[in-house]
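The data block below is coords00.txt; it holds compact mmCIF, C-alpha atoms.
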```txt
# COMPACT_ATOMS: atom_id res chain seq x y z
CA MET N 127 -8.35 18.70 19.61
CA GLY N 128 -7.59 18.45 15.90
CA SER N 129 -4.50 16.92 14.40
CA ALA N 130 -2.79 20.33 14.17
CA GLY N 131 -3.45 20.97 17.87
CA LEU N 132 -2.12 17.53 18.74
CA VAL N 133 1.06 18.16 16.79
CA ARG N 134 1.54 21.55 18.51
CA PHE N 135 1.06 19.90 21.91
CA TRP N 136 3.70 17.25 21.25
CA VAL N 137 6.18 19.75 19.83
CA ARG N 138 5.79 22.02 22.87
CA PHE N 139 6.12 19.01 25.19
CA TRP N 140 9.28 17.82 23.46
CA VAL N 141 10.86 21.30 23.44
CA ARG N 142 10.10 21.80 27.15
CA CYS N 143 11.73 18.49 28.03
CA TRP N 144 14.84 19.29 26.00
CA ALA N 145 15.23 22.77 27.46
CA PRO N 146 18.23 23.06 29.79
CA GLU N 147 16.19 24.49 32.67
CA ALA N 148 13.50 21.78 32.53
CA ARG N 149 13.12 19.69 35.71
CA PRO N 150 16.56 20.05 37.26
CA GLY N 151 16.04 17.13 39.66
CA ARG N 152 16.34 14.38 37.02
CA PRO N 153 19.45 13.55 35.00
CA ARG N 154 19.39 15.38 31.69
CA GLN N 155 20.06 12.31 29.48
CA LEU N 156 17.26 10.27 31.06
CA ARG N 157 14.88 13.21 30.75
CA ARG N 158 15.74 13.66 27.09
CA LEU N 159 15.40 9.95 26.36
CA LEU N 160 11.97 9.78 28.02
CA ALA N 161 10.83 12.92 26.23
CA THR N 162 11.95 11.56 22.88
CA LEU N 163 10.25 8.18 23.47
CA ILE N 164 7.00 9.84 24.54
CA TRP N 165 7.16 12.22 21.56
CA VAL N 166 7.75 9.33 19.11
CA ALA N 167 4.91 7.29 20.67
CA GLY N 168 2.55 10.28 20.51
CA THR N 169 3.46 11.02 16.91
CA LEU N 170 2.97 7.37 15.97
CA PHE N 171 -0.39 7.30 17.73
CA ALA N 172 -1.52 10.50 16.01
CA THR N 173 -0.42 9.17 12.63
CA LEU N 174 -2.22 5.88 13.11
CA ALA N 175 -5.34 7.60 14.37
CA SER N 176 -5.48 9.91 11.36
CA ALA N 177 -4.75 7.08 8.90
CA SER N 178 -7.86 5.11 9.69
CA GLY N 179 -10.10 4.24 6.76
CA PRO N 180 -13.53 5.58 5.98
CA VAL N 181 -16.33 4.85 8.40
CA ASP N 182 -19.78 4.26 6.96
CA VAL N 183 -22.67 3.36 9.21
CA TYR N 184 -25.17 1.13 7.47
CA THR N 185 -27.82 -1.10 9.00
CA PHE N 186 -28.43 -4.63 7.85
CA ALA N 187 -31.29 -7.03 8.48
CA THR N 188 -29.00 -10.01 9.17
CA PRO N 189 -25.33 -10.62 9.91
CA GLU N 190 -25.13 -12.62 6.65
CA GLN N 191 -26.22 -9.55 4.71
CA GLU N 192 -23.50 -7.49 6.40
CA ALA N 193 -20.91 -10.19 5.61
CA ARG N 194 -22.01 -10.14 1.95
CA TYR N 195 -21.70 -6.33 1.93
CA ARG N 196 -18.18 -6.46 3.42
CA GLY N 197 -17.15 -9.12 0.90
CA LEU N 198 -18.51 -7.12 -2.03
CA ILE N 199 -16.88 -3.82 -1.11
CA ASP N 200 -13.58 -5.67 -0.60
CA GLU N 201 -13.98 -7.20 -4.06
CA PHE N 202 -14.53 -3.99 -6.04
CA ARG N 203 -11.82 -1.50 -7.00
CA CYS N 204 -12.32 2.23 -6.51
CA PRO N 205 -12.56 3.92 -9.95
CA LYS N 206 -10.58 6.94 -8.73
CA CYS N 207 -7.90 5.32 -6.53
CA LEU N 208 -5.47 2.99 -8.20
CA ASN N 209 -5.23 -0.43 -6.57
CA THR N 210 -7.51 0.39 -3.61
CA ASN N 211 -10.74 -1.42 -2.94
CA LEU N 212 -13.98 0.31 -1.98
CA SER N 213 -13.60 -0.54 1.69
CA GLY N 214 -10.19 1.14 1.92
CA SER N 215 -10.85 4.24 -0.18
CA ASP N 216 -12.08 7.56 1.13
CA ALA N 217 -12.76 9.05 -2.31
CA PRO N 218 -16.27 10.47 -2.82
CA ILE N 219 -16.98 8.01 -5.64
CA ALA N 220 -16.03 5.10 -3.37
CA LYS N 221 -18.48 6.40 -0.77
CA ASP N 222 -21.20 6.58 -3.44
CA LEU N 223 -20.39 3.05 -4.61
CA ARG N 224 -20.53 1.72 -1.04
CA ARG N 225 -23.93 3.37 -0.66
CA THR N 226 -25.02 1.85 -4.00
CA VAL N 227 -23.88 -1.63 -2.98
CA HIS N 228 -25.75 -1.25 0.32
CA ARG N 229 -28.90 -0.13 -1.48
CA LEU N 230 -28.72 -2.95 -4.03
CA LEU N 231 -28.16 -5.47 -1.27
CA THR N 232 -30.81 -4.32 1.20
CA GLN N 233 -33.56 -2.61 -0.79
CA ASP N 234 -33.37 -4.25 -4.19
CA GLN N 235 -32.45 -7.69 -2.75
CA LEU N 236 -30.07 -8.48 -5.61
CA THR N 237 -27.68 -11.42 -5.57
CA ASP N 238 -23.93 -10.90 -5.45
CA GLN N 239 -23.59 -11.75 -9.15
CA GLN N 240 -26.32 -9.27 -10.09
CA ILE N 241 -24.53 -6.54 -8.10
CA ARG N 242 -21.24 -7.42 -9.85
CA ASP N 243 -22.97 -7.22 -13.25
CA TYR N 244 -24.64 -3.91 -12.32
CA LEU N 245 -21.34 -2.26 -11.34
CA ARG N 246 -19.41 -3.76 -14.25
CA GLU N 247 -22.05 -2.48 -16.69
CA ARG N 248 -21.61 1.08 -15.36
CA TYR N 249 -17.85 1.18 -14.69
CA GLY N 250 -16.43 -1.51 -16.95
CA ASP N 251 -14.00 -4.28 -16.06
CA PHE N 252 -11.78 -1.79 -14.21
CA VAL N 253 -14.05 -1.93 -11.17
CA LEU N 254 -13.32 -5.66 -10.77
CA TYR N 255 -10.08 -6.85 -9.20
CA ASP N 256 -10.40 -10.11 -11.15
CA PRO N 257 -11.55 -9.14 -14.65
CA PRO N 258 -12.93 -11.96 -16.81
CA PHE N 259 -10.65 -13.77 -19.26
CA ARG N 260 -11.74 -12.52 -22.69
CA PRO N 261 -10.03 -10.90 -25.68
CA GLY N 262 -10.12 -7.43 -24.15
CA THR N 263 -8.33 -8.58 -20.99
CA TRP N 264 -5.86 -11.13 -22.39
CA VAL N 265 -2.98 -8.71 -21.86
CA LEU N 266 -3.78 -8.44 -18.14
CA TRP N 267 -3.81 -12.19 -17.70
CA LEU N 268 -0.99 -13.23 -20.05
CA ALA N 269 1.56 -10.42 -19.57
CA PRO N 270 2.99 -11.85 -16.31
CA LEU N 271 3.45 -15.24 -17.95
CA VAL N 272 5.16 -13.71 -21.00
CA PHE N 273 7.51 -11.65 -18.79
CA ALA N 274 8.34 -14.73 -16.70
CA ILE N 275 9.21 -16.71 -19.84
CA ILE N 276 11.37 -13.87 -21.21
CA GLY N 277 13.14 -13.53 -17.84
CA GLY N 278 13.75 -17.29 -17.74
CA LEU N 279 15.24 -17.24 -21.26
CA VAL N 280 17.53 -14.33 -20.40
CA LEU N 281 18.67 -16.08 -17.22
CA TRP N 282 19.25 -19.33 -19.11
CA ARG N 283 21.28 -17.47 -21.73
CA LEU N 284 23.42 -15.74 -19.09
CA LEU N 285 24.10 -19.00 -17.25
CA ARG N 286 25.17 -20.77 -20.46
CA GLN N 287 27.92 -18.28 -21.30
CA PRO N 288 31.41 -19.76 -20.89
CA ALA N 289 33.56 -18.60 -18.00
CA ALA N 290 36.17 -15.96 -18.72
CA GLU N 291 39.65 -17.26 -19.41
CA PRO N 292 42.37 -16.28 -16.93
CA LEU N 293 45.04 -13.82 -18.10
CA SER N 294 48.23 -15.21 -19.54
CA ALA N 295 51.59 -14.39 -17.92
CA GLN N 296 52.34 -11.85 -20.65
CA GLU N 297 48.95 -10.10 -20.17
CA THR N 298 49.39 -10.08 -16.39
CA ALA N 299 52.82 -8.49 -16.71
CA ARG N 300 51.49 -5.84 -19.09
CA LEU N 301 48.60 -5.08 -16.68
CA GLN N 302 51.05 -4.70 -13.80
CA SER N 303 53.21 -2.29 -15.82
CA ILE N 304 50.16 -0.17 -16.67
CA LEU N 305 49.08 -0.04 -13.03
CA GLU N 306 52.57 0.89 -11.84
CA ASP N 307 52.81 3.76 -14.33
CA LYS N 308 49.77 5.48 -12.84
```
Could you express the structure from this file as structure tokens?
Amino acid sequence: MGSAGLVRFWVRFWVRCWAPEARPGRPRQLRRLLATLIWVAGTLFATLASASGPVDVYTFATPEQEARYRGLIDEFRCPKCLNTNLSGSDAPIAKDLRRTVHRLLTQDQLTDQQIRDYLRERYGDFVLYDPPFRPGTWVLWLAPLVFAIIGGLVLWRLLRQPAAEPLSAQETARLQSILEDK
């Protein structure tokens, strides 16, 4: 049963339980509460089941090799998806990159650093979650620090402002007369 069939099943189930002629032996409120809880649980289950990540089946010679593979695909960013690593992306390019990392790891027997260099050479620093600190990436590394300093200066300036003076008796009386006129 596909996701559309599952949704139709739960909608029909929920409607049948809310119908006035449904199961006359049970109290209506209890029946509706149970139907709603079951419908919510089913919807949640269907949502979670359809939201699972991509599943690739690759074979590895050793568990260490598989651990290296998992670490590498968690370390690289998908070129198509913003802020998603290769292990969490279901984009076709992410699937190709996972296959490439597997091939480089198992067939070509490259080290982790060689695989990083290989992917960075083809996709640039964008593919790395932690780009190197060099003139082209200074903005990425220094912008948070600059914004924190600016925010601290603005906060310091706001806290140094003197407190507002209370209204004099004459100003208070004038304010009261204005408010009473309206």
Excluding stretch 238-255 of chain N and any residue of its chain fewer than 5 positions from it, enumerate the residues within 9 Å of it, using all atoms listed in the file, and give them as a ChimeraX atom specification.
-> /N:194-195,198,201-205,209,211,223,227,230-231,263
Find the distance between atom CA of N:His228 and atom CA of N:Phe259 and write it in Å to one decimal.
->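 Going from atom CA of N:His228 over to atom CA of N:Phe259, I get 27.7 Å.
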With 5 Å on each side, where is the centre of the axis-aligned box around all listed atoms of stretch 236-252 of chain N, and how long are its edges in Å to one decimal, as JSON?
```
{"center_x": -20.9, "center_y": -5.3, "center_z": -11.2, "size_x": 28.3, "size_y": 22.9, "size_z": 21.5}
```
With distances taken over only C-alpha atoms, which of N:Leu159, N:Ile199, N:Ala299, N:Ile304 is nearest to N:Gly214?
->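 Of all the options, N:Ile199 lies closest to N:Gly214.
Atom pair atom CA of N:Ala193 / atom CA of N:Ile219 has a distance of 21.8 Å (rounded to one decimal).
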